[in-house]
Amino acid sequence: MRPRTQAGNAIVEFALSFSLLWMAFSGVFGFAYSTYVYNALATRVADGARLASRMDIEQANPDAFRNAVKNVVVYGSTTPSRSATSVVPSLTTEHVNVSWASDSAGVPTTVTVAINGYAVNALFQRFELTNKPRTTLKYVGMYKTTP
């Protein structure tokens with residue numbers, strides 16, 4: 001038989017140890033999920049930058065170029081289907097920034113693709129991604145000017 005002073009100790013020990021384990025597992029989950037989302041975004045941004053570096057830009061319609069690159073980053077295709085889902089939850093084309101630097105003649109020299117304003121909702125914390133991940137590549141496509 002146990003002495004009367006030890007009655008209920010098992011429940012208290014379980015509650016304390018469970019709360020510590022819960023905090024540890026929650027922290028590991030939050031870190032792992034944030035890492036997963038960031039790596040998925042980094043992969044898609046690199047894919048979009050590779051496409052953008054080779055894709056032709058028409059001077060009269062640069063929005064078609066931007067929209068195609070944004071769709072690749074978010075959906076994985078330049079023309080996504082109606083049922084397409086984003087690579088990570090709540091990512092939209094509004095979060096993708098496509099820009100390029102031009103030389104003195106106005107011809108693009110580099111193309112940059114980045115994520116702006118997207119927030120990763122980890123278990124107990126929210127991480128805001130501002131201009132990350134970002135990839136810049138040399139532009140080797142054709143810049144079509146209007147006649």
# chains A, B, ... in the order shown; residues from 1 in each chain; ligands from 1
call {"tool": "residues_around", "arguments": {"residues": "range 74-76 of chain A", "least_positions_apart": "6", "cutoff": "10 Å", "atoms": "only C-alpha atoms", "output": "ChimeraX atom specification"}}
result
/A:41,44-45,47-48,68,84-88,90-96
call {"tool": "write_last_selection", "arguments": {"atoms": "C-alpha atoms", "output": "tab-separated table (two decimals), in the first residue's frame"}}
result
chain	number	residue	atom	x	y	z
A	41	LEU	CA	7.97	28.13	-52.29
A	44	ARG	CA	8.45	27.07	-57.28
A	45	VAL	CA	10.13	30.50	-57.35
A	47	ASP	CA	11.00	27.18	-61.52
A	48	GLY	CA	9.29	30.48	-62.30
A	68	ALA	CA	2.45	33.20	-67.10
A	84	ALA	CA	-5.90	23.80	-60.01
A	85	THR	CA	-4.77	24.27	-56.43
A	86	SER	CA	-1.83	26.30	-55.20
A	87	VAL	CA	1.37	24.63	-54.07
A	88	VAL	CA	0.88	25.86	-50.49
A	90	SER	CA	-3.73	30.38	-49.54
A	91	LEU	CA	-0.97	31.33	-52.01
A	92	THR	CA	-2.28	33.47	-54.87
A	93	THR	CA	-0.73	35.18	-57.87
A	94	GLU	CA	-0.97	38.47	-55.92
A	95	HIS	CA	1.83	37.18	-53.66
A	96	VAL	CA	4.24	36.69	-56.59
call {"tool": "select_by_dssp", "arguments": {"residues": "chain A", "states": "strand (DSSP E)", "output": "PyMOL selection string"}}
result
chain A and resi 57-58+96-102+108-121+126-138+143-144
call {"tool": "closest_residue", "arguments": {"among": "A:Ser99, A:Phe65, A:Ser81, A:Ala42", "to": "Leu129 in chain A", "atoms": "only C-alpha atoms"}}
result
A:Ala42
call {"tool": "atom_distance", "arguments": {"atom1": "CA of Ser104 in chain A", "atom2": "CA of Val140 in chain A"}}
result
16.5 Å
call {"tool": "closest_residue", "arguments": {"among": "A:Val37, A:Lys70, A:Thr145, A:Ala46", "to": "Ala119 in chain A", "atoms": "only C-alpha atoms"}}
result
A:Val37
call {"tool": "residues_around", "arguments": {"residues": "Thr78 in chain A", "least_positions_apart": "4", "cutoff": "9 Å", "atoms": "only C-alpha atoms", "output": "ChimeraX atom specification"}}
result
/A:67-73
call {"tool": "residues_around", "arguments": {"residues": "range 16-28 of chain A", "least_positions_apart": "4", "cutoff": "12 Å", "atoms": "only C-alpha atoms", "output": "MDAnalysis selection string"}}
result
chainID A and resid 9:12 32:35 122:125
call {"tool": "residues_around", "arguments": {"residues": "Tyr38 in chain A", "least_positions_apart": "6", "cutoff": "9 Å", "atoms": "only C-alpha atoms", "output": "list in words"}}
result
Val120, Leu129, Lys132 and Pro133 of chain A
